[in-house]
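Text of structure05.cif (mmCIF, C-alpha atoms (C1' of nucleotides)) as supplied:
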data_final
loop_
_atom_site.label_atom_id
_atom_site.label_comp_id
_atom_site.auth_asym_id
_atom_site.auth_seq_id
_atom_site.Cartn_x
_atom_site.Cartn_y
_atom_site.Cartn_z
CA MET A 1 0.00 0.00 0.00
CA LYS A 2 1.19 3.48 -0.80
CA LEU A 3 0.61 6.83 0.80
CA SER A 4 -0.37 9.89 -1.21
CA PRO A 5 2.39 12.49 -1.67
CA LEU A 6 0.63 14.84 0.77
CA VAL A 7 0.35 12.33 3.58
CA LEU A 8 3.79 10.96 2.86
CA ARG A 9 5.33 14.36 3.33
CA PHE A 10 3.48 14.83 6.59
CA VAL A 11 4.49 11.39 7.82
CA LEU A 12 8.14 11.81 6.90
CA HIS A 13 8.29 15.22 8.52
CA PHE A 14 6.95 13.86 11.78
CA GLY A 15 9.45 11.04 11.57
CA GLU A 16 12.32 13.47 11.17
CA MET A 17 11.11 15.82 13.89
CA GLY A 18 10.62 12.90 16.22
CA SER A 19 14.15 13.06 17.54
CA ARG A 20 13.71 16.73 18.50
CA TRP A 21 10.49 15.90 20.29
CA GLY A 22 11.94 13.01 22.24
CA ILE A 23 10.20 10.24 20.34
CA ASN A 24 11.69 7.96 17.72
CA ARG A 25 11.10 8.12 14.01
CA THR A 26 8.61 5.29 13.81
CA VAL A 27 6.48 6.64 16.64
CA GLY A 28 6.37 10.02 14.94
CA GLN A 29 5.38 8.45 11.64
CA ILE A 30 2.71 6.27 13.18
CA TYR A 31 1.16 9.25 14.88
CA ALA A 32 1.18 11.38 11.75
CA LEU A 33 -0.44 8.57 9.81
CA ILE A 34 -3.18 7.97 12.34
CA PHE A 35 -3.76 11.67 12.87
CA SER A 36 -4.32 12.34 9.19
CA SER A 37 -6.28 9.20 8.39
CA PRO A 38 -10.05 9.44 7.84
CA GLN A 39 -10.59 5.98 9.27
CA SER A 40 -9.03 4.27 12.23
CA LEU A 41 -6.18 1.94 11.29
CA ASN A 42 -5.01 -1.43 12.54
CA ALA A 43 -1.43 -2.39 13.22
CA ASP A 44 -0.99 -4.40 10.04
CA GLU A 45 -2.14 -1.54 7.89
CA ILE A 46 0.24 0.83 9.66
CA ALA A 47 3.15 -1.57 9.24
CA GLU A 48 2.42 -1.88 5.56
CA TYR A 49 1.98 1.85 4.95
CA LEU A 50 5.19 2.71 6.76
CA ASP A 51 7.11 -0.37 5.68
CA VAL A 52 8.31 -1.28 9.15
CA SER A 53 7.98 -4.46 11.13
CA ARG A 54 4.79 -5.44 12.83
CA SER A 55 6.54 -5.57 16.19
CA ASN A 56 7.90 -2.09 15.77
CA VAL A 57 4.37 -0.85 15.20
CA SER A 58 3.21 -2.68 18.28
CA MET A 59 5.83 -0.93 20.39
CA GLY A 60 5.13 2.43 18.81
CA LEU A 61 1.42 2.13 19.48
CA LYS A 62 2.08 1.27 23.10
CA GLU A 63 4.20 4.39 23.38
CA LEU A 64 1.51 6.54 21.81
CA GLN A 65 -1.10 5.06 24.09
CA SER A 66 1.06 5.88 27.10
CA TRP A 67 0.99 9.49 25.91
CA SER A 68 -2.80 9.24 25.40
CA LEU A 69 -2.27 10.34 21.83
CA VAL A 70 -4.18 7.48 20.25
CA ARG A 71 -7.44 5.78 21.19
CA LEU A 72 -8.20 2.12 20.78
CA GLU A 73 -11.32 1.23 18.84
CA HIS A 74 -13.09 -1.92 17.65
CA ARG A 75 -15.22 -2.91 14.71
CA VAL A 76 -18.00 -5.46 14.72
CA GLY A 77 -16.97 -8.81 13.34
CA ASP A 78 -13.29 -7.86 13.49
CA ARG A 79 -11.17 -8.73 16.48
CA ARG A 80 -8.19 -6.59 15.53
CA ASP A 81 -7.40 -3.36 17.38
CA TYR A 82 -7.98 -0.17 15.45
CA PHE A 83 -6.40 3.14 16.37
CA ARG A 84 -7.47 6.71 15.90
CA ALA A 85 -6.26 10.10 17.10
CA PRO A 86 -8.64 12.15 19.26
CA GLU A 87 -10.50 14.66 17.08
CA ASP A 88 -10.08 17.75 19.17
CA VAL A 89 -6.65 19.27 18.57
CA TRP A 90 -7.02 21.40 21.69
CA GLN A 91 -7.48 18.32 23.73
CA ILE A 92 -4.44 16.77 22.09
CA PHE A 93 -2.40 19.86 22.88
CA GLN A 94 -3.42 19.78 26.53
CA THR A 95 -2.74 16.08 26.87
CA LEU A 96 0.67 16.54 25.35
CA ALA A 97 1.52 19.44 27.63
CA GLN A 98 0.36 17.48 30.65
CA GLU A 99 2.41 14.44 29.74
CA ARG A 100 5.51 16.47 29.03
CA LYS A 101 5.17 18.24 32.34
CA LYS A 102 4.88 14.92 34.13
CA ARG A 103 7.94 13.46 32.43
CA GLU A 104 10.19 16.47 31.89
CA ILE A 105 9.42 18.86 34.72
CA ASP A 106 8.00 17.10 37.75
CA PRO A 107 11.04 14.91 38.49
CA THR A 108 13.26 17.98 38.43
CA LEU A 109 10.89 19.89 40.65
CA SER A 110 10.99 17.21 43.34
CA MET A 111 14.76 16.97 43.09
CA LEU A 112 14.99 20.72 43.60
CA ARG A 113 12.50 20.70 46.42
CA GLU A 114 14.62 18.24 48.33
CA ALA A 115 17.86 20.04 47.53
CA VAL A 116 16.71 23.42 48.80
CA MET A 117 15.56 21.90 52.09
CA GLU A 118 19.01 20.67 53.00
CA PRO A 119 20.77 22.59 55.80
CA LEU A 120 24.24 23.66 54.61
CA THR A 121 27.26 25.56 55.90
CA ASP A 122 29.69 25.66 52.99
CA ALA A 123 29.55 28.98 51.14
CA ASP A 124 29.71 27.54 47.62
CA ASP A 125 27.00 25.03 48.44
CA ARG A 126 24.82 27.81 49.73
CA HIS A 127 25.29 29.67 46.50
CA ALA A 128 24.35 26.57 44.54
CA GLN A 129 21.33 26.11 46.77
CA MET A 130 20.26 29.70 46.17
CA ARG A 131 20.40 29.08 42.43
CA MET A 132 18.37 25.92 42.82
CA GLN A 133 15.85 27.86 44.86
CA GLN A 134 15.48 30.38 42.03
CA MET A 135 14.98 27.63 39.52
CA HIS A 136 12.56 25.85 41.80
CA ASP A 137 10.45 28.95 42.39
CA LEU A 138 10.24 29.74 38.72
CA ILE A 139 9.22 26.24 37.76
CA GLU A 140 6.70 26.12 40.55
CA LEU A 141 5.15 29.39 39.44
CA ALA A 142 5.04 28.35 35.81
CA THR A 143 3.60 24.91 36.45
CA GLY A 144 1.10 26.24 38.96
CA TRP A 145 -0.08 28.68 36.35
CA PHE A 146 -0.14 25.93 33.77
CA ALA A 147 -2.37 23.85 36.02
CA GLU A 148 -4.81 26.72 36.37
CA VAL A 149 -4.80 27.41 32.67
CA GLN A 150 -5.65 23.77 32.09
CA ARG A 151 -8.68 24.20 34.29
CA MET A 152 -10.01 27.08 32.18
CA ASP A 153 -12.53 26.20 29.56
CA GLN A 154 -11.42 26.28 25.97
CA ALA A 155 -13.40 29.37 25.08
CA THR A 156 -11.74 31.48 27.77
CA LEU A 157 -8.34 30.21 26.81
CA LYS A 158 -8.89 30.96 23.17
CA THR A 159 -10.11 34.43 24.07
CA LEU A 160 -7.05 34.98 26.21
CA MET A 161 -4.76 33.90 23.41
CA LYS A 162 -6.52 35.97 20.81
CA MET A 163 -6.31 39.01 23.05
CA GLY A 164 -2.59 38.60 23.28
CA SER A 165 -0.81 41.53 24.83
CA ARG A 166 -4.03 43.50 25.19
CA VAL A 167 -4.54 41.48 28.34
CA GLN A 168 -1.78 43.61 29.80
CA LYS A 169 -3.96 46.71 29.49
CA VAL A 170 -6.88 44.98 31.14
CA LEU A 171 -4.72 43.88 34.02
CA GLU A 172 -3.16 47.30 34.49
CA PHE A 173 -6.63 48.75 34.64
CA LYS A 174 -7.96 46.15 37.01
CA LEU A 175 -4.98 46.05 39.33
CA VAL A 176 -4.78 49.71 40.26
CA GLY A 177 -5.11 49.58 44.03
CA GLY A 178 -2.58 46.84 44.76
CA THR A 179 -4.53 43.61 44.56
CA THR A 180 -1.44 41.99 43.05
CA LYS A 181 -0.34 39.83 45.93
CA GLY A 182 -3.72 39.38 47.54
CA ALA A 183 -5.04 36.15 49.05
CA LYS A 184 -6.56 33.51 46.82
CA PRO A 185 -10.35 33.52 46.41
CA MET B 1 38.61 17.89 41.83
CA LYS B 2 35.43 16.75 43.48
CA LEU B 3 31.94 18.15 43.61
CA SER B 4 30.02 18.50 46.85
CA PRO B 5 27.19 15.98 47.35
CA LEU B 6 24.62 18.71 46.76
CA VAL B 7 26.03 19.88 43.45
CA LEU B 8 26.80 16.33 42.39
CA ARG B 9 23.17 15.35 42.82
CA PHE B 10 22.05 18.35 40.81
CA VAL B 11 24.59 17.65 38.07
CA LEU B 12 23.72 13.98 37.81
CA HIS B 13 20.02 14.73 37.69
CA PHE B 14 20.47 17.13 34.81
CA GLY B 15 22.58 14.54 33.07
CA GLU B 16 19.87 11.93 33.39
CA MET B 17 17.07 14.30 32.38
CA GLY B 18 19.08 15.47 29.40
CA SER B 19 17.76 12.72 27.16
CA ARG B 20 14.17 13.75 27.91
CA TRP B 21 15.00 17.35 27.12
CA GLY B 22 16.72 16.58 23.84
CA ILE B 23 20.26 17.25 24.98
CA ASN B 24 22.90 14.70 25.85
CA ARG B 25 24.10 13.79 29.29
CA THR B 26 27.32 15.77 29.20
CA VAL B 27 25.60 18.92 27.99
CA GLY B 28 23.08 18.62 30.81
CA GLN B 29 25.83 18.12 33.36
CA ILE B 30 27.90 21.01 32.07
CA TYR B 31 24.93 23.31 32.28
CA ALA B 32 24.02 22.24 35.80
CA LEU B 33 27.58 22.76 36.92
CA ILE B 34 27.89 26.22 35.42
CA PHE B 35 24.45 27.23 36.60
CA SER B 36 25.17 26.36 40.20
CA SER B 37 28.73 27.60 40.33
CA PRO B 38 29.51 30.85 42.16
CA GLN B 39 32.31 31.67 39.72
CA SER B 40 32.57 31.25 36.00
CA LEU B 41 34.43 28.10 34.96
CA ASN B 42 36.86 27.27 32.19
CA ALA B 43 36.72 24.18 30.05
CA ASP B 44 39.53 22.38 31.84
CA GLU B 45 37.86 22.82 35.19
CA ILE B 46 34.59 21.51 33.80
CA ALA B 47 36.31 18.48 32.25
CA GLU B 48 37.97 17.69 35.55
CA TYR B 49 34.85 18.16 37.67
CA LEU B 50 32.76 15.97 35.38
CA ASP B 51 35.54 13.54 34.47
CA VAL B 52 34.96 13.73 30.74
CA SER B 53 37.31 14.54 27.89
CA ARG B 54 38.32 18.08 27.12
CA SER B 55 36.95 17.76 23.60
CA ASN B 56 33.60 16.62 24.87
CA VAL B 57 33.40 19.73 27.02
CA SER B 58 34.30 21.85 24.04
CA MET B 59 31.43 20.40 22.03
CA GLY B 60 29.04 20.68 24.94
CA LEU B 61 29.89 24.33 25.46
CA LYS B 62 29.33 25.07 21.82
CA GLU B 63 25.91 23.46 22.08
CA LEU B 64 25.05 25.49 25.17
CA GLN B 65 26.21 28.66 23.49
CA SER B 66 24.00 27.90 20.50
CA TRP B 67 21.10 27.76 22.96
CA SER B 68 22.31 31.04 24.55
CA LEU B 69 22.36 29.25 27.87
CA VAL B 70 25.93 30.16 28.77
CA ARG B 71 27.86 33.39 28.37
CA LEU B 72 31.54 33.67 27.58
CA GLU B 73 33.66 35.72 29.94
CA HIS B 74 37.31 36.65 30.33
CA ARG B 75 39.66 37.40 33.17
CA VAL B 76 42.57 39.78 33.10
CA GLY B 77 45.89 38.03 32.62
CA ASP B 78 44.19 34.78 31.66
CA ARG B 79 43.55 33.93 28.05
CA ARG B 80 41.28 30.99 28.68
CA ASP B 81 37.53 31.22 28.09
CA TYR B 82 35.35 31.22 31.17
CA PHE B 83 31.67 30.38 31.15
CA ARG B 84 28.77 31.43 33.30
CA ALA B 85 25.01 31.04 33.17
CA PRO B 86 22.92 34.21 32.91
CA GLU B 87 21.75 35.26 36.38
CA ASP B 88 18.12 35.88 35.63
CA VAL B 89 16.20 32.63 35.62
CA TRP B 90 13.27 34.32 33.88
CA GLN B 91 15.53 35.32 31.08
CA ILE B 92 16.84 31.77 30.88
CA PHE B 93 13.32 30.43 30.72
CA GLN B 94 12.38 32.78 27.90
CA THR B 95 15.52 32.03 25.95
CA LEU B 96 14.87 28.34 26.28
CA ALA B 97 11.27 28.65 25.18
CA GLN B 98 12.31 30.74 22.20
CA GLU B 99 14.97 28.27 21.12
CA ARG B 100 12.67 25.31 21.48
CA LYS B 101 10.02 27.03 19.44
CA LYS B 102 12.54 27.74 16.71
CA ARG B 103 13.78 24.17 16.58
CA GLU B 104 10.71 22.12 17.48
CA ILE B 105 7.74 24.11 16.23
CA ASP B 106 8.66 26.46 13.41
CA PRO B 107 9.77 23.80 10.91
CA THR B 108 6.50 21.96 11.42
CA LEU B 109 4.51 25.14 11.05
CA SER B 110 6.06 25.89 7.66
CA MET B 111 5.55 22.32 6.51
CA LEU B 112 1.89 22.58 7.47
CA ARG B 113 1.50 25.97 5.87
CA GLU B 114 2.67 24.57 2.57
CA ALA B 115 0.59 21.43 2.88
CA VAL B 116 -2.68 23.24 3.49
CA MET B 117 -2.13 25.46 0.46
CA GLU B 118 -2.06 22.55 -1.96
CA PRO B 119 -5.11 22.16 -4.19
CA LEU B 120 -6.46 18.61 -3.92
CA THR B 121 -9.24 16.48 -5.29
CA ASP B 122 -8.90 13.12 -3.56
CA ALA B 123 -11.30 12.78 -0.63
CA ASP B 124 -8.86 11.15 1.76
CA ASP B 125 -6.25 13.76 0.99
CA ARG B 126 -8.76 16.48 1.69
CA HIS B 127 -9.50 14.93 5.04
CA ALA B 128 -5.80 14.80 5.82
CA GLN B 129 -5.47 18.40 4.74
CA MET B 130 -8.32 19.44 7.00
CA ARG B 131 -6.55 17.80 9.93
CA MET B 132 -3.34 19.57 9.04
CA GLN B 133 -5.27 22.82 8.89
CA GLN B 134 -6.57 22.25 12.42
CA MET B 135 -3.09 21.52 13.67
CA HIS B 136 -1.70 24.51 11.83
CA ASP B 137 -4.27 26.90 13.24
CA LEU B 138 -3.75 25.71 16.77
CA ILE B 139 0.01 26.01 16.58
CA GLU B 140 -0.27 29.42 14.98
CA LEU B 141 -2.58 30.64 17.71
CA ALA B 142 -0.39 29.25 20.46
CA THR B 143 2.87 30.57 19.05
CA GLY B 144 1.36 33.95 18.25
CA TRP B 145 0.23 34.18 21.84
CA PHE B 146 3.62 33.05 23.02
CA ALA B 147 5.27 35.81 20.99
CA GLU B 148 3.05 38.39 22.63
CA VAL B 149 3.64 37.02 26.08
CA GLN B 150 7.36 37.27 25.42
CA ARG B 151 6.90 40.95 24.72
CA MET B 152 5.25 41.56 28.10
CA ASP B 153 7.49 42.78 30.86
CA GLN B 154 8.36 40.38 33.60
CA ALA B 155 6.27 42.08 36.24
CA THR B 156 3.07 41.77 34.21
CA LEU B 157 3.82 38.18 33.40
CA LYS B 158 4.46 37.33 37.02
CA THR B 159 1.25 39.04 38.01
CA LEU B 160 -0.62 37.13 35.36
CA MET B 161 0.79 33.86 36.57
CA LYS B 162 0.16 34.63 40.21
CA MET B 163 -3.41 35.55 39.42
CA GLY B 164 -3.92 32.20 37.83
CA SER B 165 -7.51 31.41 37.05
CA ARG B 166 -8.72 34.64 38.59
CA VAL B 167 -7.80 36.21 35.28
CA GLN B 168 -10.86 34.46 33.94
CA LYS B 169 -13.10 36.59 36.15
CA VAL B 170 -11.39 39.77 35.06
CA LEU B 171 -11.79 38.85 31.43
CA GLU B 172 -15.43 37.91 31.82
CA PHE B 173 -16.03 41.28 33.44
CA LYS B 174 -14.09 43.23 30.87
CA LEU B 175 -15.38 41.44 27.82
CA VAL B 176 -19.09 41.97 28.28
CA GLY B 177 -20.01 43.80 25.10
CA GLY B 178 -18.14 41.63 22.63
CA THR B 179 -14.69 43.19 22.28
CA THR B 180 -13.32 39.68 21.81
CA LYS B 181 -12.39 39.80 18.17
CA GLY B 182 -11.80 43.52 17.87
CA ALA B 183 -8.99 45.19 15.95
CA LYS B 184 -5.53 45.36 17.43
CA PRO B 185 -4.54 48.49 19.35
"C1'" DC C 1 -11.04 -27.76 24.91
"C1'" DT C 2 -8.52 -26.95 20.27
"C1'" DA C 3 -7.11 -24.30 16.58
"C1'" DT C 4 -6.04 -20.07 14.88
"C1'" DA C 5 -5.74 -15.13 14.81
"C1'" DA C 6 -3.87 -11.08 17.02
"C1'" DT C 7 -0.69 -9.03 19.80
"C1'" DT C 8 3.36 -8.64 22.68
"C1'" DT C 9 7.87 -9.74 24.24
"C1'" DC C 10 12.57 -10.10 23.71
"C1'" DA C 11 17.23 -11.48 22.22
"C1'" DG C 12 20.11 -10.28 18.71
"C1'" DT C 13 21.38 -6.94 15.15
"C1'" DA C 14 21.40 -2.50 12.93
"C1'" DA C 15 21.55 2.30 13.18
"C1'" DT C 16 22.47 6.30 15.55
"C1'" DT C 17 24.44 9.12 18.91
"C1'" DT C 18 27.94 10.24 22.10
"C1'" DC C 19 32.56 10.39 23.50
"C1'" DT C 20 37.60 10.21 23.17
"C1'" DG C 21 42.34 11.18 21.85
"C1'" DA C 22 45.18 12.77 18.39
"C1'" DA C 23 45.86 16.19 15.05
"C1'" DA C 24 44.78 20.65 13.28
"C1'" DT C 25 43.72 25.28 14.00
"C1'" DT C 26 43.56 29.64 16.31
"C1'" DA C 27 45.24 33.18 19.46
"C1'" DC C 28 48.64 35.61 21.43
"C1'" DA C 29 52.99 36.54 24.37
"C1'" DG C 30 57.62 37.35 23.78
"C1'" DC D 1 58.00 35.80 13.19
"C1'" DT D 2 58.43 31.74 16.71
"C1'" DG D 3 56.83 29.06 20.30
"C1'" DT D 4 53.37 27.78 23.32
"C1'" DA D 5 48.78 27.76 25.21
"C1'" DA D 6 43.96 27.24 24.25
"C1'" DT D 7 40.46 25.57 21.58
"C1'" DT D 8 38.28 23.01 17.90
"C1'" DT D 9 37.80 19.38 14.65
"C1'" DC D 10 37.21 14.83 13.41
"C1'" DA D 11 37.89 9.79 12.62
"C1'" DG D 12 37.16 5.92 15.00
"C1'" DA D 13 35.59 3.53 19.42
"C1'" DA D 14 32.11 3.01 22.84
"C1'" DA D 15 27.59 3.41 24.36
"C1'" DT D 16 22.94 3.87 23.59
"C1'" DT D 17 18.74 3.46 21.15
"C1'" DA D 18 15.81 1.59 17.55
"C1'" DC D 19 14.31 -2.22 14.88
"C1'" DT D 20 13.52 -6.98 13.38
"C1'" DG D 21 12.02 -11.74 13.32
"C1'" DA D 22 11.06 -15.58 15.95
"C1'" DA D 23 8.93 -17.25 19.93
"C1'" DA D 24 5.64 -16.61 23.56
"C1'" DT D 25 1.39 -14.96 25.14
"C1'" DT D 26 -3.37 -13.64 24.93
"C1'" DA D 27 -7.90 -13.74 22.97
"C1'" DT D 28 -11.64 -15.87 20.75
"C1'" DA D 29 -14.19 -18.58 17.25
"C1'" DG D 30 -15.72 -22.97 16.53
#

Rewrite the structure from the file as structure tokens, please.
Amino acid sequence: MKLSPLVLRFVLHFGEMGSRWGINRTVGQIYALIFSSPQSLNADEIAEYLDVSRSNVSMGLKELQSWSLVRLEHRVGDRRDYFRAPEDVWQIFQTLAQERKKREIDPTLSMLREAVMEPLTDADDRHAQMRMQQMHDLIELATGWFAEVQRMDQATLKTLMKMGSRVQKVLEFKLVGGTTKGAKP
Amino acid sequence: MKLSPLVLRFVLHFGEMGSRWGINRTVGQIYALIFSSPQSLNADEIAEYLDVSRSNVSMGLKELQSWSLVRLEHRVGDRRDYFRAPEDVWQIFQTLAQERKKREIDPTLSMLREAVMEPLTDADDRHAQMRMQQMHDLIELATGWFAEVQRMDQATLKTLMKMGSRVQKVLEFKLVGGTTKGAKP
DNA sequence: CTATAATTTCAGTAATTTCTGAAATTACAG
DNA sequence: CTGTAATTTCAGAAATTACTGAAATTATAG
């Protein structure tokens, strides 16, 4: 089976970018294929389209499932597993951000949390600890904000993004009076 | 030369996380070491602290410079290059985000831009193209927003983050009347 | 149950990435 | 210039990661 030039280009691009995104080529290609396909696909079809081994596809699909980037699906009278990408690209984006946070940020945050707790006397160590504290505080602020943003509904978020820097004006207006550091609601 | 247990832990963690962040172990370790160090360091010192080859350090430093994560520095009466991490962790964060966007997002965005322009007749291709359009629009919105956020001053950004979801209330209040899609200032 | 289809696991191999040490280049003091 | 220190380059070695094909496991139709 052969892919159309359009889909092929998309698939190959995702394969190449894979390494920059921390996934391997095949996983990137599988995702691109499933994402762009009008129907859900089974593992044999994927292996044939991409010309890779069936076992490689199996491993790739497991990886994509662990990222919640593909959904399993079944068809009546067919016991094979079919895969499809969630429709809503916003949802995909959020899932991806969440997963990346969990894998790329959270472990570092706990490491830092522990490190800044340690009582120290050595001057150089204290400097290092101060730097870690700065990094910790920044990450904590950013991820805390991220968690709240995730709780917003899509419409608000879209509005916020479309407003762009105009939000600055709104905030300046609203914050006159020093509510900046006030208690949470 | 030996690292203190605190710094060692930090350095090793960054080395391990490196692969998840798309950098190699040594680069991660070099950065952690420079970031936490009270003084700038030269390549020989780094090689000795981390027990890796001088050439490996040279390559790692080039990589970090390409990410603008370390600054070159000189000392009077010493012709060696010394390296230090920018003080401001916010600045570091922004630099990092900018670089990642450039390397991980922009190439995909241009690929998608081209793909959605193509005139097509085949039904499956048109479906694929529609999916690419969705992905393109989302990325464009998100990166456009990101660009604007980058233009905000730090204080506003911090305020925004500290406000968290309360910003939703402010927006709801301010937006009654349908200014949502209005012209830019 | 038994037979077969579907999927997963995994040991070995292939491909890629990282790292080293030697050689080449660059920078500069004398 | 010349000599030496500092840095970079790069070919090959080492380590890691990705992929395959065969075997094992799981699922289910009959």

Got a sec: who's within 12 Å of DT2 of chain D, counting only C-alpha atoms (C1' of nucleotides), leaving out chain neighbours fewer than 3 positions off, as an MDAnalysis selection string?
chainID C and resid 28:30

For this structure, which residues satisfy the selection - the PyMOL selection byres ((chain C) within 10 of (chain A)) - when it is evaluated on the file as given? I want them as a list of chain:residue names.
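Answer for the PyMOL selection byres ((chain C) within 10 of (chain A)): C:DA5, C:DA6, C:DT7, C:DT8, C:DT9.
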
For chain A against chain B, which residues fall within 8 Å using only C-alpha atoms, given as a PyMOL selection string?
chain A and resi 4+6-7+10+13+17+19-22+35-38+89-90+103-104+108+111-112+115+124-125+127-129+131-132+134-135+138+141-142+144-145+148-149+151-152+156+159+161-166+168+170-171+174+180-181

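Between atom CA of Arg75 of chain A and atom CA of Gly60 of chain A lies a distance of 21.4 Å.
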
Run through the PyMOL selection byres ((chain D) within 8 of (chain B)) on the given coordinates and return the selected residues as a ChimeraX atom specification.
/D:6-8

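In this model, the gap between atom CA of Met1 of chain B and atom CA of Val57 of chain B comes to 15.8 Å.
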
Compile a residue-level contact table for chain C against segment 15-24 of chain D at a cut-off of 10 Å, reporting for every qualifying residue the shortest atom pair and its distance in Å to one decimal, with only C-alpha atoms (C1' of nucleotides) counted, rows ordered by chain and ascending number, as a Markdown table.
| residue | atom | partner | partner_atom | distance |
| --- | --- | --- | --- | --- |
| C:DT8 | C1' | D:DA24 | C1' | 8.3 |
| C:DT9 | C1' | D:DA24 | C1' | 7.3 |
| C:DC10 | C1' | D:DA23 | C1' | 8.9 |
| C:DA11 | C1' | D:DA22 | C1' | 9.7 |
| C:DG12 | C1' | D:DT20 | C1' | 9.1 |
| C:DT13 | C1' | D:DT20 | C1' | 8.1 |
| C:DA14 | C1' | D:DC19 | C1' | 7.4 |
| C:DA15 | C1' | D:DA18 | C1' | 7.2 |
| C:DT16 | C1' | D:DT17 | C1' | 7.3 |
| C:DT17 | C1' | D:DT16 | C1' | 7.2 |
| C:DT18 | C1' | D:DA15 | C1' | 7.2 |
| C:DC19 | C1' | D:DA15 | C1' | 8.6 |

Could you check which of D:DG30, D:DT25, D:DC10, D:DG3 is closest to DC1 of chain C, using all atoms listed in the file?
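Of all the options, D:DG30 lies closest to DC1 of chain C.
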
Repair of segment 10-24 of chain A at the level of N, CA and C atoms, as a PDB file, keeping the file's coordinate frame:
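Wrote selection_18.pdb, looks like this:
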ATOM      1  N   PHE A  10       3.848  14.609   5.193  1.00  0.00           N
ATOM      2  CA  PHE A  10       3.480  14.830   6.590  1.00  0.00           C
ATOM      3  C   PHE A  10       4.101  13.765   7.495  1.00  0.00           C
ATOM      4  N   VAL A  11       3.970  12.521   7.055  1.00  0.00           N
ATOM      5  CA  VAL A  11       4.490  11.390   7.820  1.00  0.00           C
ATOM      6  C   VAL A  11       6.017  11.473   7.951  1.00  0.00           C
ATOM      7  N   LEU A  12       6.676  11.747   6.862  1.00  0.00           N
ATOM      8  CA  LEU A  12       8.140  11.810   6.900  1.00  0.00           C
ATOM      9  C   LEU A  12       8.627  12.972   7.775  1.00  0.00           C
ATOM     10  N   HIS A  13       7.918  14.075   7.678  1.00  0.00           N
ATOM     11  CA  HIS A  13       8.290  15.220   8.520  1.00  0.00           C
ATOM     12  C   HIS A  13       8.199  14.865   9.993  1.00  0.00           C
ATOM     13  N   PHE A  14       7.105  14.247  10.384  1.00  0.00           N
ATOM     14  CA  PHE A  14       6.950  13.860  11.780  1.00  0.00           C
ATOM     15  C   PHE A  14       8.007  12.845  12.198  1.00  0.00           C
ATOM     16  N   GLY A  15       8.383  11.994  11.276  1.00  0.00           N
ATOM     17  CA  GLY A  15       9.450  11.040  11.570  1.00  0.00           C
ATOM     18  C   GLY A  15      10.753  11.759  11.856  1.00  0.00           C
ATOM     19  N   GLU A  16      11.067  12.734  10.996  1.00  0.00           N
ATOM     20  CA  GLU A  16      12.320  13.470  11.170  1.00  0.00           C
ATOM     21  C   GLU A  16      12.309  14.324  12.434  1.00  0.00           C
ATOM     22  N   MET A  17      11.182  14.965  12.714  1.00  0.00           N
ATOM     23  CA  MET A  17      11.110  15.820  13.890  1.00  0.00           C
ATOM     24  C   MET A  17      11.106  15.011  15.185  1.00  0.00           C
ATOM     25  N   GLY A  18      10.707  13.756  15.058  1.00  0.00           N
ATOM     26  CA  GLY A  18      10.620  12.900  16.220  1.00  0.00           C
ATOM     27  C   GLY A  18      11.776  13.059  17.197  1.00  0.00           C
ATOM     28  N   SER A  19      12.985  13.010  16.642  1.00  0.00           N
ATOM     29  CA  SER A  19      14.150  13.060  17.540  1.00  0.00           C
ATOM     30  C   SER A  19      14.181  14.362  18.342  1.00  0.00           C
ATOM     31  N   ARG A  20      13.730  15.463  17.749  1.00  0.00           N
ATOM     32  CA  ARG A  20      13.710  16.730  18.500  1.00  0.00           C
ATOM     33  C   ARG A  20      12.622  16.743  19.554  1.00  0.00           C
ATOM     34  N   TRP A  21      11.599  15.931  19.342  1.00  0.00           N
ATOM     35  CA  TRP A  21      10.490  15.900  20.290  1.00  0.00           C
ATOM     36  C   TRP A  21      10.624  14.778  21.310  1.00  0.00           C
ATOM     37  N   GLY A  22      11.726  14.061  21.255  1.00  0.00           N
ATOM     38  CA  GLY A  22      11.940  13.010  22.240  1.00  0.00           C
ATOM     39  C   GLY A  22      11.167  11.732  21.966  1.00  0.00           C
ATOM     40  N   ILE A  23      10.795  11.522  20.707  1.00  0.00           N
ATOM     41  CA  ILE A  23      10.200  10.240  20.340  1.00  0.00           C
ATOM     42  C   ILE A  23      10.986   9.709  19.146  1.00  0.00           C
ATOM     43  N   ASN A  24      10.894   8.448  18.832  1.00  0.00           N
ATOM     44  CA  ASN A  24      11.690   7.960  17.720  1.00  0.00           C
ATOM     45  C   ASN A  24      10.928   8.092  16.396  1.00  0.00           C
TER      46      ASN A  24
END
